[in-house]
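This is query_38.cif. It holds mmCIF, C-alpha atoms.
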data_work
loop_
_atom_site.label_atom_id
_atom_site.label_comp_id
_atom_site.auth_asym_id
_atom_site.auth_seq_id
_atom_site.Cartn_x
_atom_site.Cartn_y
_atom_site.Cartn_z
CA MET A 1 120.28 -46.51 -42.38
CA GLU A 2 120.80 -42.78 -42.29
CA GLN A 3 124.21 -41.45 -41.49
CA LYS A 4 124.28 -38.57 -39.01
CA GLU A 5 125.66 -35.35 -40.41
CA LYS A 6 128.83 -34.26 -38.60
CA LYS A 7 128.27 -30.88 -37.04
CA SER A 8 131.02 -28.26 -37.23
CA ILE A 9 132.58 -26.25 -34.43
CA HIS A 10 130.63 -23.28 -35.80
CA TYR A 11 127.36 -25.11 -35.14
CA TYR A 12 128.25 -25.91 -31.52
CA MET A 13 129.70 -22.46 -30.77
CA ARG A 14 126.61 -20.74 -32.18
CA ALA A 15 124.30 -22.98 -30.12
CA LEU A 16 126.29 -22.44 -26.92
CA HIS A 17 126.59 -18.71 -27.61
CA ARG A 18 122.81 -18.47 -28.07
CA ASP A 19 121.89 -20.47 -24.96
CA ILE A 20 124.47 -18.94 -22.64
CA GLY A 21 123.56 -15.50 -23.98
CA PHE A 22 119.90 -15.97 -23.10
CA PHE A 23 120.86 -17.27 -19.64
CA ALA A 24 123.16 -14.30 -19.03
CA VAL A 25 120.54 -11.66 -19.92
CA GLY A 26 119.05 -11.56 -16.41
CA LEU A 27 122.45 -11.26 -14.78
CA ILE A 28 123.50 -8.59 -17.26
CA ILE A 29 120.43 -6.49 -16.44
CA ILE A 30 121.17 -6.66 -12.70
CA TYR A 31 124.87 -5.85 -13.15
CA ALA A 32 124.01 -2.98 -15.52
CA LEU A 33 121.60 -1.41 -13.01
CA SER A 34 124.00 -1.76 -10.10
CA GLY A 35 126.88 -0.50 -12.27
CA ILE A 36 124.92 2.65 -13.08
CA ALA A 37 124.17 3.14 -9.38
CA LEU A 38 127.88 2.74 -8.58
CA ILE A 39 128.86 5.33 -11.18
CA TYR A 40 126.68 7.87 -9.37
CA ARG A 41 127.58 6.78 -5.83
CA ASP A 42 128.91 10.27 -5.06
CA SER A 43 125.48 11.78 -5.75
CA ASP A 44 122.02 11.24 -4.26
CA PHE A 45 120.86 9.23 -7.29
CA LEU A 46 118.73 6.24 -6.15
CA LYS A 47 119.42 7.05 -2.47
CA HIS A 48 117.33 7.82 0.58
CA SER A 49 118.27 9.39 3.92
CA ILE A 50 118.46 7.42 7.13
CA ARG A 51 118.96 8.74 10.67
CA ILE A 52 121.73 7.02 12.60
CA GLU A 53 122.29 7.23 16.33
CA LYS A 54 125.56 5.64 17.38
CA LYS A 55 127.05 5.25 20.84
CA ALA A 56 130.80 5.86 20.77
CA SER A 57 133.40 6.46 23.44
CA GLN A 58 132.99 9.56 25.55
CA ASN A 59 135.30 12.57 25.26
CA MET A 60 136.64 11.67 21.83
CA GLU A 61 138.52 14.30 19.90
CA ALA A 62 137.21 15.54 16.56
CA SER A 63 140.23 14.05 14.78
CA GLU A 64 139.32 10.46 15.77
CA LEU A 65 135.55 10.84 15.41
CA GLY A 66 135.52 10.44 11.61
CA ASN A 67 137.34 7.10 11.80
CA VAL A 68 135.08 5.77 14.55
CA LEU A 69 131.95 6.69 12.60
CA HIS A 70 133.46 5.32 9.35
CA MET A 71 132.78 8.56 7.49
CA ARG A 72 134.77 9.57 4.44
CA ASP A 73 135.67 13.23 4.00
CA PHE A 74 134.77 13.91 7.63
CA LYS A 75 134.86 17.64 8.42
CA VAL A 76 134.03 19.36 11.66
CA THR A 77 131.89 22.44 11.03
CA LYS A 78 131.95 23.84 14.59
CA ILE A 79 132.48 22.96 18.24
CA GLU A 80 130.20 24.36 20.94
CA GLY A 81 130.96 23.26 24.48
CA GLU A 82 130.57 19.47 24.64
CA THR A 83 129.08 19.16 21.14
CA ILE A 84 131.04 18.64 17.94
CA TYR A 85 129.06 19.46 14.79
CA PHE A 86 130.00 17.86 11.48
CA GLN A 87 128.37 17.49 8.08
CA ASN A 88 124.88 16.06 8.63
CA GLY A 89 125.26 15.44 12.35
CA SER A 90 126.66 16.03 15.80
CA TYR A 91 128.54 14.24 18.58
CA ASN A 92 128.09 14.87 22.30
CA LYS A 93 131.38 14.37 24.15
CA ALA A 94 129.68 13.93 27.52
CA THR A 95 127.33 11.14 26.44
CA GLY A 96 129.37 9.69 23.56
CA VAL A 97 126.29 9.72 21.32
CA ALA A 98 126.64 10.70 17.67
CA ILE A 99 123.49 11.48 15.69
CA TYR A 100 123.74 11.97 11.95
CA THR A 101 122.00 11.30 8.66
CA SER A 102 123.44 9.13 5.96
CA LYS A 103 122.43 8.37 2.40
CA GLU A 104 121.94 4.75 1.37
CA VAL A 105 121.05 3.24 -1.98
CA ILE A 106 117.44 2.07 -2.21
CA PHE A 107 116.40 -1.58 -2.08
CA PRO A 108 116.90 -3.75 -4.22
CA ILE A 109 119.68 -1.80 -5.95
CA ASN A 110 121.73 -1.94 -2.72
CA LYS A 111 121.64 -5.75 -2.89
CA PHE A 112 122.71 -5.70 -6.55
CA ILE A 113 125.65 -3.46 -5.65
CA GLU A 114 126.79 -6.06 -3.13
CA LEU A 115 127.32 -8.42 -6.10
CA HIS A 116 129.81 -5.94 -7.55
CA LYS A 117 131.67 -5.80 -4.24
CA VAL A 118 131.61 -9.49 -3.31
CA SER A 119 134.91 -10.80 -1.91
CA SER A 120 136.39 -14.27 -2.28
CA ARG A 121 135.34 -15.05 1.31
CA ASN A 122 131.66 -14.69 0.39
CA PRO A 123 130.05 -17.84 -1.10
CA ALA A 124 128.40 -15.65 -3.76
CA HIS A 125 131.83 -15.15 -5.31
CA TRP A 126 131.30 -18.42 -7.20
CA ILE A 127 128.25 -16.98 -8.93
CA THR A 128 130.08 -13.81 -9.92
CA THR A 129 133.12 -15.78 -11.10
CA ILE A 130 130.96 -18.10 -13.21
CA PHE A 131 129.14 -15.08 -14.65
CA ALA A 132 132.46 -13.48 -15.58
CA LEU A 133 133.56 -16.70 -17.27
CA LEU A 134 130.25 -16.88 -19.17
CA LEU A 135 130.75 -13.32 -20.39
CA LEU A 136 134.29 -14.20 -21.46
CA PHE A 137 132.94 -17.19 -23.36
CA LEU A 138 130.31 -15.01 -25.05
CA ALA A 139 132.97 -12.55 -26.13
CA ILE A 140 135.25 -15.25 -27.56
CA SER A 141 132.50 -17.41 -29.08
CA SER A 142 131.15 -14.42 -31.00
CA PHE A 143 134.06 -14.92 -33.42
CA TRP A 144 132.48 -18.23 -34.49
CA MET A 145 129.24 -16.55 -35.53
CA PHE A 146 130.55 -15.84 -39.04
CA LYS A 147 132.96 -17.53 -41.44
CA LYS A 148 136.52 -16.25 -41.19
CA ARG A 149 136.56 -15.00 -44.77
CA SER A 150 133.34 -12.99 -44.50
CA GLY A 151 133.17 -9.22 -44.25
CA LEU A 152 131.16 -9.51 -41.03
CA PHE A 153 133.98 -11.49 -39.40
CA ARG A 154 136.52 -8.80 -40.35
CA ARG A 155 134.13 -6.12 -39.11
CA GLY A 156 133.83 -8.01 -35.80
CA ILE A 157 137.62 -8.08 -35.45
CA VAL A 158 137.81 -4.32 -36.08
CA LEU A 159 135.02 -3.59 -33.57
CA ALA A 160 136.53 -5.90 -30.93
CA SER A 161 139.95 -4.26 -31.39
CA SER A 162 138.32 -0.83 -31.10
CA GLY A 163 136.65 -1.90 -27.85
CA ILE A 164 139.99 -3.05 -26.43
CA LEU A 165 141.63 0.24 -27.43
CA VAL A 166 138.84 2.30 -25.86
CA ALA A 167 139.16 0.30 -22.61
CA ILE A 168 142.94 0.90 -22.59
CA LEU A 169 142.44 4.61 -23.27
CA LEU A 170 139.98 4.84 -20.36
CA LEU A 171 142.73 3.57 -18.05
CA PHE A 172 144.82 6.63 -18.89
CA ILE A 173 142.05 9.21 -18.51
#
Could you spell out this file's structure in structure tokens?
Amino acid sequence: MEQKEKKSIHYYMRALHRDIGFFAVGLIIIYALSGIALIYRDSDFLKHSIRIEKKASQNMEASELGNVLHMRDFKVTKIEGETIYFQNGSYNKATGVAIYTSKEVIFPINKFIELHKVSSRNPAHWITTIFALLLLFLAISSFWMFKKRSGLFRRGIVLASSGILVAILLLFI
């Protein structure tokens, strides 16, 4: 009768790290693409224009119009009679109709961005939470890839510490 060889923690951590890593690749690609799109959200990168016609209350003042239309950095460019002109659009006080153009991120990147912004009320938050935990596991399990006395293990500690320091420095920039 053969006796089974007892497998070490290194064996199990390497196997889990490998399998979870391969599983996470697809999610990482999606989060990377949407993260890049979010970095450039103040530009027209990966965006297209859409025309919006919105019925609002009549006779609104310019000061309340930006809030009603949910526009950041709202600025009135001119007022002519019953029409208020603002960046990329206009509002007619008599009819209450605002017509303007807006920039939206292209499909499917817009759907990926929603994953970055998911709240705890959305059922998808479980997927994003599990993904975050998987990434945390991958980060921690990477320390079991090499023996503690090896040069590669020490190098991993130095690189991980450097990554933490860079992240902390970015908080102060």
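Minimum atom-to-atom distance to Phe112 of chain A, evaluated using only C-alpha atoms, belongs to A:Ser34 out of A:Phe153, A:Ser34, A:Ser49, A:Ile130.
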Worksheet item: So which residues touch Lys103 of chain A within 8 Å, counting all atoms listed in the file, skipping near sequence neighbours fewer than 2 positions away, as a VMD selection string?
Response: chain A and resid 44 47 to 50 101 105
Practice prompt. Could you state which residues are captured by the PyMOL selection byres ((chain A and resi 87-91) around 10) in this file, as JSON, numbers by chain?
Written response: {"A": [51, 52, 53, 54, 55, 56, 58, 59, 60, 62, 65, 71, 73, 74, 75, 76, 77, 78, 79, 82, 83, 84, 85, 86, 92, 93, 94, 95, 96, 97, 98, 99, 100, 101, 102]}
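The two atoms in question, atom CA of Val118 of chain A and atom CA of Leu38 of chain A, are spaced 13.8 Å apart.
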Worksheet entry | Distance of atom CA of Phe143 of chain A from atom CA of Gly156 of chain A, expressed in Å to one decimal place | 7.3 Å
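Across the model, the gap from atom CA of Ser150 of chain A to atom CA of Lys7 of chain A is 20.0 Å.
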Practice prompt. Step by step, work through what the PyMOL selection byres ((chain A and resi 138) around 9) selects in the shown file, and finish by giving those residues as a list of chain:residue names.
Written response: A:Leu16, A:His17, A:Arg18, A:Ile20, A:Gly21, A:Leu133, A:Leu134, A:Leu135, A:Leu136, A:Phe137, A:Ala139, A:Ile140, A:Ser141, A:Ser142
Edge lengths and centre in Å to one decimal, as AutoDock Vina command-line options, of the axis-aligned box that encloses all listed atoms of segment 55-66 of chain A with 5 Å added on every side?
--center_x 133.6 --center_y 10.4 --center_z 18.6 --size_x 23.2 --size_y 20.3 --size_z 23.9
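Among the candidates A:Asn122, A:Phe131, A:Asp42, A:Tyr12, the residue lying nearest to Gly26 of chain A is A:Phe131 (atoms considered: all atoms listed in the file).
If only C-alpha atoms are the atoms counted, then among A:Met13, A:Glu5, A:Ile164, A:Leu171 the closest residue to Phe146 of chain A is A:Met13.
Comparing A:Leu170, A:Arg155, A:Glu80, A:Lys148 by their smallest distance to His10 of chain A, the closest is A:Lys148 (using all atoms listed in the file).
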Worksheet entry | Answer key for the PyMOL selection byres ((chain A and resi 115) around 12), residues as a VMD selection string | chain A and resid 27 to 28 30 to 35 38 108 to 114 116 to 120 122 to 129 131 to 132
